[in-house]
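Pasted below: final01.pdb, PDB, C-alpha atoms.
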```pdb
ATOM      1  CA  MET A   1     -21.955  66.569 -22.929  1.00  0.00           C
ATOM      2  CA  LYS A   2     -18.513  68.064 -22.540  1.00  0.00           C
ATOM      3  CA  LYS A   3     -15.873  67.595 -25.269  1.00  0.00           C
ATOM      4  CA  TYR A   4     -12.332  66.845 -24.189  1.00  0.00           C
ATOM      5  CA  PRO A   5      -9.702  68.434 -26.425  1.00  0.00           C
ATOM      6  CA  SER A   6      -7.061  65.845 -25.480  1.00  0.00           C
ATOM      7  CA  ILE A   7      -9.304  62.989 -26.631  1.00  0.00           C
ATOM      8  CA  LYS A   8     -10.009  64.756 -29.928  1.00  0.00           C
ATOM      9  CA  LEU A   9      -6.271  65.337 -30.390  1.00  0.00           C
ATOM     10  CA  ALA A  10      -5.497  61.669 -29.655  1.00  0.00           C
ATOM     11  CA  GLN A  11      -8.194  60.549 -32.105  1.00  0.00           C
ATOM     12  CA  SER A  12      -6.840  62.879 -34.787  1.00  0.00           C
ATOM     13  CA  ILE A  13      -3.295  61.595 -34.280  1.00  0.00           C
ATOM     14  CA  LEU A  14      -4.518  57.995 -34.456  1.00  0.00           C
ATOM     15  CA  VAL A  15      -6.427  58.613 -37.702  1.00  0.00           C
ATOM     16  CA  PHE A  16      -3.488  60.502 -39.244  1.00  0.00           C
ATOM     17  CA  SER A  17      -0.942  57.831 -38.291  1.00  0.00           C
ATOM     18  CA  THR A  18      -3.205  55.074 -39.636  1.00  0.00           C
ATOM     19  CA  LEU A  19      -3.533  56.863 -42.981  1.00  0.00           C
ATOM     20  CA  LEU A  20       0.208  57.546 -43.090  1.00  0.00           C
ATOM     21  CA  THR A  21       1.020  53.900 -42.362  1.00  0.00           C
ATOM     22  CA  ALA A  22      -1.476  52.688 -44.974  1.00  0.00           C
ATOM     23  CA  ASN A  23       0.108  54.938 -47.610  1.00  0.00           C
ATOM     24  CA  ALA A  24       3.580  53.679 -46.702  1.00  0.00           C
ATOM     25  CA  VAL A  25       2.432  50.059 -47.036  1.00  0.00           C
ATOM     26  CA  ILE A  26       0.788  50.756 -50.413  1.00  0.00           C
ATOM     27  CA  ALA A  27       3.884  52.574 -51.678  1.00  0.00           C
ATOM     28  CA  GLN A  28       6.051  49.717 -50.489  1.00  0.00           C
ATOM     29  CA  THR A  29       3.993  47.021 -52.207  1.00  0.00           C
ATOM     30  CA  ASP A  30       3.817  48.555 -55.706  1.00  0.00           C
ATOM     31  CA  LYS A  31       7.235  47.074 -56.573  1.00  0.00           C
ATOM     32  CA  GLU A  32       6.261  43.782 -54.949  1.00  0.00           C
ATOM     33  CA  LYS A  33       3.000  43.683 -56.925  1.00  0.00           C
ATOM     34  CA  LYS A  34       4.960  44.114 -60.175  1.00  0.00           C
ATOM     35  CA  ILE A  35       7.305  41.290 -59.191  1.00  0.00           C
ATOM     36  CA  ILE A  36       4.322  39.033 -58.434  1.00  0.00           C
ATOM     37  CA  VAL A  37       2.746  39.821 -61.824  1.00  0.00           C
ATOM     38  CA  ASP A  38       6.111  39.109 -63.481  1.00  0.00           C
ATOM     39  CA  CYS A  39       6.283  35.807 -61.546  1.00  0.00           C
ATOM     40  CA  ASP A  40       2.842  34.805 -62.864  1.00  0.00           C
ATOM     41  CA  THR A  41       4.025  35.570 -66.404  1.00  0.00           C
ATOM     42  CA  ALA A  42       7.268  33.633 -65.872  1.00  0.00           C
ATOM     43  CA  LYS A  43       5.410  30.613 -64.460  1.00  0.00           C
ATOM     44  CA  ALA A  44       3.079  30.620 -67.472  1.00  0.00           C
ATOM     45  CA  GLU A  45       6.100  30.800 -69.800  1.00  0.00           C
ATOM     46  CA  PHE A  46       7.856  27.892 -68.016  1.00  0.00           C
ATOM     47  CA  LEU A  47       4.630  25.838 -68.316  1.00  0.00           C
ATOM     48  CA  ARG A  48       4.173  26.803 -71.979  1.00  0.00           C
ATOM     49  CA  THR A  49       7.719  25.653 -72.733  1.00  0.00           C
ATOM     50  CA  ASP A  50       7.373  22.417 -70.734  1.00  0.00           C
ATOM     51  CA  PRO A  51       3.763  21.492 -69.826  1.00  0.00           C
ATOM     52  CA  SER A  52       4.992  18.543 -67.736  1.00  0.00           C
ATOM     53  CA  LEU A  53       6.293  21.101 -65.191  1.00  0.00           C
ATOM     54  CA  LYS A  54       2.675  21.275 -63.995  1.00  0.00           C
ATOM     55  CA  ASN A  55       3.280  17.985 -62.132  1.00  0.00           C
ATOM     56  CA  VAL A  56       6.499  19.330 -60.595  1.00  0.00           C
ATOM     57  CA  PHE A  57       4.661  22.434 -59.350  1.00  0.00           C
ATOM     58  CA  ALA A  58       1.906  20.228 -57.899  1.00  0.00           C
ATOM     59  CA  LYS A  59       4.297  17.883 -56.051  1.00  0.00           C
ATOM     60  CA  ALA A  60       6.846  20.444 -54.805  1.00  0.00           C
ATOM     61  CA  TYR A  61       6.456  21.685 -51.237  1.00  0.00           C
ATOM     62  CA  GLY A  62       7.410  25.179 -52.391  1.00  0.00           C
ATOM     63  CA  TYR A  63       9.132  27.162 -55.098  1.00  0.00           C
ATOM     64  CA  LEU A  64      10.837  30.450 -55.892  1.00  0.00           C
ATOM     65  CA  ILE A  65      10.366  32.262 -59.192  1.00  0.00           C
ATOM     66  CA  LEU A  66      12.928  34.867 -60.233  1.00  0.00           C
ATOM     67  CA  PRO A  67      11.254  36.328 -63.341  1.00  0.00           C
ATOM     68  CA  ASN A  68      13.973  38.780 -64.366  1.00  0.00           C
ATOM     69  CA  VAL A  69      17.599  37.956 -63.675  1.00  0.00           C
ATOM     70  CA  GLY A  70      20.195  40.182 -65.273  1.00  0.00           C
ATOM     71  CA  LYS A  71      23.736  38.939 -65.753  1.00  0.00           C
ATOM     72  CA  GLY A  72      26.800  40.674 -67.144  1.00  0.00           C
ATOM     73  CA  ALA A  73      30.536  40.101 -67.215  1.00  0.00           C
ATOM     74  CA  VAL A  74      33.915  41.139 -68.504  1.00  0.00           C
ATOM     75  CA  GLY A  75      36.264  38.758 -66.681  1.00  0.00           C
ATOM     76  CA  ILE A  76      34.433  39.278 -63.393  1.00  0.00           C
ATOM     77  CA  GLY A  77      30.692  38.898 -63.582  1.00  0.00           C
ATOM     78  CA  GLY A  78      27.601  39.462 -61.569  1.00  0.00           C
ATOM     79  CA  ALA A  79      23.924  38.731 -61.656  1.00  0.00           C
ATOM     80  CA  SER A  80      20.925  39.672 -59.583  1.00  0.00           C
ATOM     81  CA  GLY A  81      17.175  39.310 -59.514  1.00  0.00           C
ATOM     82  CA  ASN A  82      14.129  39.580 -57.289  1.00  0.00           C
ATOM     83  CA  GLY A  83      11.335  37.077 -57.001  1.00  0.00           C
ATOM     84  CA  ALA A  84       8.487  35.576 -55.041  1.00  0.00           C
ATOM     85  CA  VAL A  85       8.443  32.512 -52.775  1.00  0.00           C
ATOM     86  CA  TYR A  86       5.476  30.149 -52.657  1.00  0.00           C
ATOM     87  CA  GLU A  87       4.766  27.503 -50.019  1.00  0.00           C
ATOM     88  CA  GLN A  88       2.249  24.821 -50.985  1.00  0.00           C
ATOM     89  CA  GLY A  89       1.025  27.118 -53.766  1.00  0.00           C
ATOM     90  CA  ARG A  90       0.530  30.130 -51.464  1.00  0.00           C
ATOM     91  CA  LEU A  91       2.610  33.304 -51.738  1.00  0.00           C
ATOM     92  CA  VAL A  92       4.637  33.669 -48.516  1.00  0.00           C
ATOM     93  CA  GLY A  93       7.554  35.987 -49.203  1.00  0.00           C
ATOM     94  CA  LYS A  94      10.091  37.569 -51.468  1.00  0.00           C
ATOM     95  CA  ALA A  95      13.683  36.760 -52.282  1.00  0.00           C
ATOM     96  CA  LYS A  96      16.682  38.529 -53.741  1.00  0.00           C
ATOM     97  CA  MET A  97      19.393  36.606 -55.574  1.00  0.00           C
ATOM     98  CA  SER A  98      22.918  37.848 -56.144  1.00  0.00           C
ATOM     99  CA  GLN A  99      25.764  36.100 -57.925  1.00  0.00           C
ATOM    100  CA  VAL A 100      29.454  36.768 -58.451  1.00  0.00           C
ATOM    101  CA  THR A 101      31.567  34.827 -60.949  1.00  0.00           C
ATOM    102  CA  VAL A 102      35.239  34.856 -61.942  1.00  0.00           C
ATOM    103  CA  GLY A 103      36.779  33.403 -65.082  1.00  0.00           C
ATOM    104  CA  PHE A 104      36.689  33.712 -68.837  1.00  0.00           C
ATOM    105  CA  GLN A 105      33.403  35.469 -69.493  1.00  0.00           C
ATOM    106  CA  LEU A 106      32.096  38.268 -71.644  1.00  0.00           C
ATOM    107  CA  GLY A 107      28.639  39.574 -72.422  1.00  0.00           C
ATOM    108  CA  GLY A 108      25.258  39.996 -70.864  1.00  0.00           C
ATOM    109  CA  GLN A 109      22.035  38.087 -70.669  1.00  0.00           C
ATOM    110  CA  ALA A 110      18.613  38.057 -69.111  1.00  0.00           C
ATOM    111  CA  TYR A 111      16.945  34.892 -67.893  1.00  0.00           C
ATOM    112  CA  ARG A 112      14.287  33.479 -65.589  1.00  0.00           C
ATOM    113  CA  GLU A 113      15.074  31.127 -62.756  1.00  0.00           C
ATOM    114  CA  LEU A 114      12.746  28.671 -61.047  1.00  0.00           C
ATOM    115  CA  ILE A 115      13.793  26.826 -57.893  1.00  0.00           C
ATOM    116  CA  PHE A 116      11.697  23.984 -56.487  1.00  0.00           C
ATOM    117  CA  PHE A 117      11.889  22.862 -52.855  1.00  0.00           C
ATOM    118  CA  GLU A 118      11.003  19.210 -52.441  1.00  0.00           C
ATOM    119  CA  THR A 119      10.222  19.289 -48.712  1.00  0.00           C
ATOM    120  CA  LYS A 120       9.293  21.639 -45.885  1.00  0.00           C
ATOM    121  CA  THR A 121      12.817  21.192 -44.509  1.00  0.00           C
ATOM    122  CA  ALA A 122      14.389  22.349 -47.792  1.00  0.00           C
ATOM    123  CA  LEU A 123      12.118  25.408 -47.957  1.00  0.00           C
ATOM    124  CA  ASP A 124      12.673  26.237 -44.257  1.00  0.00           C
ATOM    125  CA  HIS A 125      16.429  26.048 -44.863  1.00  0.00           C
ATOM    126  CA  PHE A 126      16.001  28.555 -47.707  1.00  0.00           C
ATOM    127  CA  LYS A 127      13.747  30.827 -45.628  1.00  0.00           C
ATOM    128  CA  ALA A 128      16.424  30.873 -42.916  1.00  0.00           C
ATOM    129  CA  ASN A 129      18.820  32.338 -45.541  1.00  0.00           C
ATOM    130  CA  LYS A 130      21.015  29.233 -45.434  1.00  0.00           C
ATOM    131  CA  VAL A 131      20.952  28.381 -49.142  1.00  0.00           C
ATOM    132  CA  GLU A 132      23.828  29.219 -51.460  1.00  0.00           C
ATOM    133  CA  PHE A 133      24.543  27.507 -54.728  1.00  0.00           C
ATOM    134  CA  SER A 134      28.139  26.771 -55.547  1.00  0.00           C
ATOM    135  CA  ALA A 135      29.648  26.364 -58.978  1.00  0.00           C
ATOM    136  CA  GLN A 136      28.658  22.690 -58.853  1.00  0.00           C
ATOM    137  CA  ALA A 137      24.915  23.454 -58.670  1.00  0.00           C
ATOM    138  CA  SER A 138      23.360  22.491 -61.949  1.00  0.00           C
ATOM    139  CA  ALA A 139      20.323  24.063 -63.488  1.00  0.00           C
ATOM    140  CA  VAL A 140      18.113  22.412 -66.066  1.00  0.00           C
ATOM    141  CA  ALA A 141      17.436  24.523 -69.150  1.00  0.00           C
ATOM    142  CA  ALA A 142      13.649  24.733 -69.398  1.00  0.00           C
ATOM    143  CA  THR A 143      12.835  23.151 -72.734  1.00  0.00           C
ATOM    144  CA  ALA A 144      10.037  20.869 -73.873  1.00  0.00           C
ATOM    145  CA  GLY A 145      10.167  17.698 -71.777  1.00  0.00           C
ATOM    146  CA  ALA A 146      13.140  18.828 -69.662  1.00  0.00           C
ATOM    147  CA  SER A 147      11.320  18.131 -66.397  1.00  0.00           C
ATOM    148  CA  ALA A 148      11.038  14.407 -67.233  1.00  0.00           C
ATOM    149  CA  ASN A 149      14.713  13.796 -66.394  1.00  0.00           C
ATOM    150  CA  ALA A 150      15.296  16.524 -63.780  1.00  0.00           C
ATOM    151  CA  LYS A 151      16.078  15.427 -60.237  1.00  0.00           C
ATOM    152  CA  TYR A 152      16.236  17.072 -56.835  1.00  0.00           C
ATOM    153  CA  THR A 153      19.665  17.524 -55.255  1.00  0.00           C
ATOM    154  CA  ASP A 154      19.564  18.086 -51.497  1.00  0.00           C
ATOM    155  CA  GLY A 155      15.846  18.849 -51.808  1.00  0.00           C
ATOM    156  CA  ILE A 156      16.335  21.543 -54.470  1.00  0.00           C
ATOM    157  CA  MET A 157      15.819  21.529 -58.238  1.00  0.00           C
ATOM    158  CA  ILE A 158      16.721  24.510 -60.457  1.00  0.00           C
ATOM    159  CA  TYR A 159      15.390  25.505 -63.884  1.00  0.00           C
ATOM    160  CA  THR A 160      16.489  28.442 -66.022  1.00  0.00           C
ATOM    161  CA  GLN A 161      15.003  29.932 -69.148  1.00  0.00           C
ATOM    162  CA  GLN A 162      16.899  32.283 -71.452  1.00  0.00           C
ATOM    163  CA  LYS A 163      15.121  35.559 -72.197  1.00  0.00           C
ATOM    164  CA  GLY A 164      17.743  37.379 -74.252  1.00  0.00           C
ATOM    165  CA  GLY A 165      21.349  38.432 -74.649  1.00  0.00           C
ATOM    166  CA  LEU A 166      24.560  36.674 -75.461  1.00  0.00           C
ATOM    167  CA  MET A 167      27.189  35.536 -73.021  1.00  0.00           C
ATOM    168  CA  TYR A 168      30.332  33.458 -73.336  1.00  0.00           C
ATOM    169  CA  GLU A 169      31.594  32.011 -70.119  1.00  0.00           C
ATOM    170  CA  ALA A 170      33.779  29.453 -68.436  1.00  0.00           C
ATOM    171  CA  SER A 171      33.576  30.702 -64.896  1.00  0.00           C
ATOM    172  CA  VAL A 172      33.208  29.752 -61.274  1.00  0.00           C
ATOM    173  CA  GLY A 173      30.956  31.423 -58.783  1.00  0.00           C
ATOM    174  CA  GLY A 174      27.811  30.964 -56.800  1.00  0.00           C
ATOM    175  CA  GLN A 175      24.393  32.351 -56.044  1.00  0.00           C
ATOM    176  CA  LYS A 176      23.351  33.731 -52.690  1.00  0.00           C
ATOM    177  CA  PHE A 177      19.780  34.424 -51.599  1.00  0.00           C
ATOM    178  CA  LYS A 178      18.077  36.677 -49.088  1.00  0.00           C
ATOM    179  CA  TYR A 179      14.496  35.794 -48.085  1.00  0.00           C
ATOM    180  CA  ALA A 180      11.941  38.056 -46.390  1.00  0.00           C
ATOM    181  CA  ALA A 181       8.380  37.121 -45.461  1.00  0.00           C
ATOM    182  CA  PHE A 182       5.459  39.281 -46.604  1.00  0.00           C
TER     183      PHE A 182
END
```
Written as structure tokens, how would this file's structure read?
Amino acid sequence: MKKYPSIKLAQSILVFSTLLTANAVIAQTDKEKKIIVDCDTAKAEFLRTDPSLKNVFAKAYGYLILPNVGKGAVGIGGASGNGAVYEQGRLVGKAKMSQVTVGFQLGGQAYRELIFFETKTALDHFKANKVEFSAQASAVAATAGASANAKYTDGIMIYTQQKGGLMYEASVGGQKFKYAAF
């Protein structure tokens, strides 16, 4: 049987490109894997603080967990964080949050943010990068029993949980999100 050098070359290129692509995907997902682990930790912490959130998780169509949001300001402030998006309990994508604020503010803080989507329409709106929270958006501080009185506004409910830092503020601003599917 005769060997064809062009076929061997094509096979070698195919194997090499497959290995190269696999390494790129693995390298790309290391950061995402850490975010997902951080999201699991954040979810457990939200549930530890308020066990009744278990019912909210069960009834929500989807949710976003931002496990590590950093915020700082001296007059003009900013915040950002990365997280994971879940649809009917299944991981479907990632999201990046950014925030700019203006007003009397000074300090820095770290917190977690949890956003519930009541319906498929609300989550689809978010996934289409059409969700921004204005200064009027209110977040519920995750404390024992806080979920009992929390309500959805336009299909969205927001919880935050302080992790550390100290910040004084009387400011206006908003959060903007960027979603990407896995």
- Query: Quick one, how far is CA of Lys176 (chain A) from CA of Ile65 (chain A)?
  - Reply: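 Distance reported for this atom pair: 14.6 Å.
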- Task: Run the PyMOL selection byres ((chain A and resi 52) around 12) mentally over the shown coordinates, then write out the matched residues as a VMD selection string, using the chain letters and numbers from the document.
- Result: chain A and resid 46 to 51 53 to 59 142 to 150
- Atom-to-atom span, CA of Lys94 (chain A) and CA of Ala79 (chain A), Å: 17.2 Å
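Distance check against Gly165 (chain A) using all atoms listed in the file: of A:Ala73, A:Leu114, A:Ala44, A:Ala95, the minimum falls on A:Ala73.
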- Note on the structure: What separates CA of Thr119 (chain A) and CA of Ile35 (chain A) is a distance of 24.5 Å
- Using the chain letters and numbers from the file, which residues does the PyMOL selection byres ((chain A and resi 93) around 10) grab, as an NGL selection string? :A and (32 or 64 or 83-87 or 90-92 or 94-95 or 127 or 179-182)
Output file for the residues above (C-alpha atoms, as a PDB file, keeping the file's coordinate frame):
```
ATOM      1  CA  GLU A  32       6.261  43.782 -54.949  1.00  0.00           C
ATOM      2  CA  LEU A  64      10.837  30.450 -55.892  1.00  0.00           C
ATOM      3  CA  GLY A  83      11.335  37.077 -57.001  1.00  0.00           C
ATOM      4  CA  ALA A  84       8.487  35.576 -55.041  1.00  0.00           C
ATOM      5  CA  VAL A  85       8.443  32.512 -52.775  1.00  0.00           C
ATOM      6  CA  TYR A  86       5.476  30.149 -52.657  1.00  0.00           C
ATOM      7  CA  GLU A  87       4.766  27.503 -50.019  1.00  0.00           C
ATOM      8  CA  ARG A  90       0.530  30.130 -51.464  1.00  0.00           C
ATOM      9  CA  LEU A  91       2.610  33.304 -51.738  1.00  0.00           C
ATOM     10  CA  VAL A  92       4.637  33.669 -48.516  1.00  0.00           C
ATOM     11  CA  LYS A  94      10.091  37.569 -51.468  1.00  0.00           C
ATOM     12  CA  ALA A  95      13.683  36.760 -52.282  1.00  0.00           C
ATOM     13  CA  LYS A 127      13.747  30.827 -45.628  1.00  0.00           C
ATOM     14  CA  TYR A 179      14.496  35.794 -48.085  1.00  0.00           C
ATOM     15  CA  ALA A 180      11.941  38.056 -46.390  1.00  0.00           C
ATOM     16  CA  ALA A 181       8.380  37.121 -45.461  1.00  0.00           C
ATOM     17  CA  PHE A 182       5.459  39.281 -46.604  1.00  0.00           C
TER      18      PHE A 182
END
```
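Residue nearest Gln109 (chain A), chosen from A:Ala141, A:Leu166, A:Lys96, A:Gly62 and counting all atoms listed in the file: A:Leu166.
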- Item | Closest of A:Lys178, A:Asn82, A:Gly108, A:Asp124 to Lys31 (chain A) - atom-to-atom distances counting all atoms listed in the file | A:Asn82
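Every protein, DNA or RNA residue with an atom at most 12 Å from Gly107 (chain A), where all atoms listed in the file count and chain neighbours fewer than 2 positions away do not, is listed here: A:Gly70, A:Lys71, A:Gly72, A:Ala73, A:Val74, A:Gly75, A:Ile76, A:Gly77, A:Gly78, A:Ala79, A:Phe104, A:Gln105, A:Gln109, A:Ala110, A:Gly164, A:Gly165, A:Leu166, A:Met167, A:Tyr168, A:Glu169.
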- Message: Could you check the closest approach to Ile158 (chain A) for each of A:Tyr63, A:Ser98, A:Tyr111, A:Ala128 and tell me which residue wins, using only C-alpha atoms?
- Response: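 Checking each of A:Tyr63, A:Ser98, A:Tyr111, A:Ala128 against Ile158 (chain A), counting only C-alpha atoms, the winner is A:Tyr63.
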- Item | Residue list as a list in words for point (18.8, 20.1, -52.1), cut-off 8 Å, all atoms listed in the file |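 Those residues, ordered by chain and then number, are Phe117, Glu118, Ala122, Tyr152, Thr153, Asp154, Gly155, Ile156 and Met157 of chain A.
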- Could you tell me which of A:Tyr61, A:Gln161, A:Lys43, A:Ala139 comes closest to Leu123 (chain A) if we count all atoms listed in the file?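 Smallest separation from Leu123 (chain A) among the options: A:Tyr61.
Between Val69 (chain A) and the candidates A:His125, A:Lys33, A:Lys163, A:Val131, the tightest atom-to-atom separation, counting all atoms listed in the file, involves A:Lys163.
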Repair of region 96-130 of chain A at the level of N, CA and C atoms, as a JSON list (two decimals), in the frame of the given file:
```json
[["chain", "number", "residue", "atom", "x", "y", "z"],
["A", 96, "LYS", "N", 15.72, 37.83, -52.89],
["A", 96, "LYS", "CA", 16.68, 38.53, -53.74],
["A", 96, "LYS", "C", 17.86, 37.59, -53.96],
["A", 97, "MET", "N", 18.26, 37.45, -55.22],
["A", 97, "MET", "CA", 19.39, 36.61, -55.57],
["A", 97, "MET", "C", 20.53, 37.50, -56.05],
["A", 98, "SER", "N", 21.73, 37.17, -55.62],
["A", 98, "SER", "CA", 22.92, 37.85, -56.14],
["A", 98, "SER", "C", 23.96, 36.79, -56.47],
["A", 99, "GLN", "N", 24.78, 37.07, -57.46],
["A", 99, "GLN", "CA", 25.76, 36.10, -57.92],
["A", 99, "GLN", "C", 27.03, 36.84, -58.34],
["A", 100, "VAL", "N", 28.16, 36.25, -58.01],
["A", 100, "VAL", "CA", 29.45, 36.77, -58.45],
["A", 100, "VAL", "C", 30.20, 35.61, -59.09],
["A", 101, "THR", "N", 30.81, 35.86, -60.26],
["A", 101, "THR", "CA", 31.57, 34.83, -60.95],
["A", 101, "THR", "C", 32.92, 35.38, -61.38],
["A", 102, "VAL", "N", 33.89, 34.49, -61.50],
["A", 102, "VAL", "CA", 35.24, 34.86, -61.94],
["A", 102, "VAL", "C", 35.67, 33.84, -62.98],
["A", 103, "GLY", "N", 36.29, 34.31, -64.05],
["A", 103, "GLY", "CA", 36.78, 33.40, -65.08],
["A", 103, "GLY", "C", 36.71, 34.05, -66.45],
["A", 104, "PHE", "N", 36.79, 33.21, -67.47],
["A", 104, "PHE", "CA", 36.69, 33.71, -68.84],
["A", 104, "PHE", "C", 35.21, 33.92, -69.14],
["A", 105, "GLN", "N", 34.80, 35.17, -69.22],
["A", 105, "GLN", "CA", 33.40, 35.47, -69.49],
["A", 105, "GLN", "C", 33.27, 36.86, -70.07],
["A", 106, "LEU", "N", 32.31, 36.99, -70.98],
["A", 106, "LEU", "CA", 32.10, 38.27, -71.64],
["A", 106, "LEU", "C", 30.67, 38.31, -72.16],
["A", 107, "GLY", "N", 29.98, 39.40, -71.88],
["A", 107, "GLY", "CA", 28.64, 39.57, -72.42],
["A", 107, "GLY", "C", 27.61, 39.87, -71.36],
["A", 108, "GLY", "N", 26.37, 39.75, -71.76],
["A", 108, "GLY", "CA", 25.26, 40.00, -70.86],
["A", 108, "GLY", "C", 24.06, 39.18, -71.29],
["A", 109, "GLN", "N", 23.23, 38.85, -70.35],
["A", 109, "GLN", "CA", 22.04, 38.09, -70.67],
["A", 109, "GLN", "C", 20.96, 38.33, -69.63],
["A", 110, "ALA", "N", 19.76, 38.01, -70.01],
["A", 110, "ALA", "CA", 18.61, 38.06, -69.11],
["A", 110, "ALA", "C", 17.98, 36.67, -69.13],
["A", 111, "TYR", "N", 17.58, 36.20, -67.97],
["A", 111, "TYR", "CA", 16.94, 34.89, -67.89],
["A", 111, "TYR", "C", 15.99, 34.84, -66.72],
["A", 112, "ARG", "N", 15.20, 33.78, -66.70],
["A", 112, "ARG", "CA", 14.29, 33.48, -65.59],
["A", 112, "ARG", "C", 14.88, 32.30, -64.83],
["A", 113, "GLU", "N", 14.61, 32.27, -63.54],
["A", 113, "GLU", "CA", 15.07, 31.13, -62.76],
["A", 113, "GLU", "C", 13.93, 30.63, -61.89],
["A", 114, "LEU", "N", 13.80, 29.33, -61.81],
["A", 114, "LEU", "CA", 12.75, 28.67, -61.05],
["A", 114, "LEU", "C", 13.41, 27.64, -60.15],
["A", 115, "ILE", "N", 13.18, 27.75, -58.85],
["A", 115, "ILE", "CA", 13.79, 26.83, -57.89],
["A", 115, "ILE", "C", 12.69, 26.12, -57.13],
["A", 116, "PHE", "N", 12.68, 24.80, -57.22],
["A", 116, "PHE", "CA", 11.70, 23.98, -56.49],
["A", 116, "PHE", "C", 12.31, 23.47, -55.20],
["A", 117, "PHE", "N", 11.48, 23.43, -54.14],
["A", 117, "PHE", "CA", 11.89, 22.86, -52.86],
["A", 117, "PHE", "C", 11.03, 21.62, -52.63],
["A", 118, "GLU", "N", 11.70, 20.48, -52.52],
["A", 118, "GLU", "CA", 11.00, 19.21, -52.44],
["A", 118, "GLU", "C", 10.23, 19.04, -51.14],
["A", 119, "THR", "N", 10.80, 19.52, -50.03],
["A", 119, "THR", "CA", 10.22, 19.29, -48.71],
["A", 119, "THR", "C", 10.12, 20.58, -47.90],
["A", 120, "LYS", "N", 9.39, 20.51, -46.81],
["A", 120, "LYS", "CA", 9.29, 21.64, -45.88],
["A", 120, "LYS", "C", 10.67, 21.98, -45.33],
["A", 121, "THR", "N", 11.47, 20.97, -45.04],
["A", 121, "THR", "CA", 12.82, 21.19, -44.51],
["A", 121, "THR", "C", 13.67, 21.99, -45.50],
["A", 122, "ALA", "N", 13.61, 21.63, -46.77],
["A", 122, "ALA", "CA", 14.39, 22.35, -47.79],
["A", 122, "ALA", "C", 13.93, 23.80, -47.89],
["A", 123, "LEU", "N", 12.62, 24.04, -47.88],
["A", 123, "LEU", "CA", 12.12, 25.41, -47.96],
["A", 123, "LEU", "C", 12.46, 26.19, -46.69],
["A", 124, "ASP", "N", 12.33, 25.56, -45.52],
["A", 124, "ASP", "CA", 12.67, 26.24, -44.26],
["A", 124, "ASP", "C", 14.14, 26.62, -44.23],
["A", 125, "HIS", "N", 14.99, 25.76, -44.77],
["A", 125, "HIS", "CA", 16.43, 26.05, -44.86],
["A", 125, "HIS", "C", 16.65, 27.30, -45.72],
["A", 126, "PHE", "N", 15.92, 27.38, -46.83],
["A", 126, "PHE", "CA", 16.00, 28.56, -47.71],
["A", 126, "PHE", "C", 15.49, 29.80, -46.98],
["A", 127, "LYS", "N", 14.35, 29.68, -46.32],
["A", 127, "LYS", "CA", 13.75, 30.83, -45.63],
["A", 127, "LYS", "C", 14.63, 31.33, -44.48],
["A", 128, "ALA", "N", 15.49, 30.48, -43.97],
["A", 128, "ALA", "CA", 16.42, 30.87, -42.92],
["A", 128, "ALA", "C", 17.70, 31.48, -43.51],
["A", 129, "ASN", "N", 17.68, 31.75, -44.81],
["A", 129, "ASN", "CA", 18.82, 32.34, -45.54],
["A", 129, "ASN", "C", 20.08, 31.48, -45.44],
["A", 130, "LYS", "N", 19.89, 30.16, -45.53],
["A", 130, "LYS", "CA", 21.02, 29.23, -45.43],
["A", 130, "LYS", "C", 21.28, 28.52, -46.75]]
```
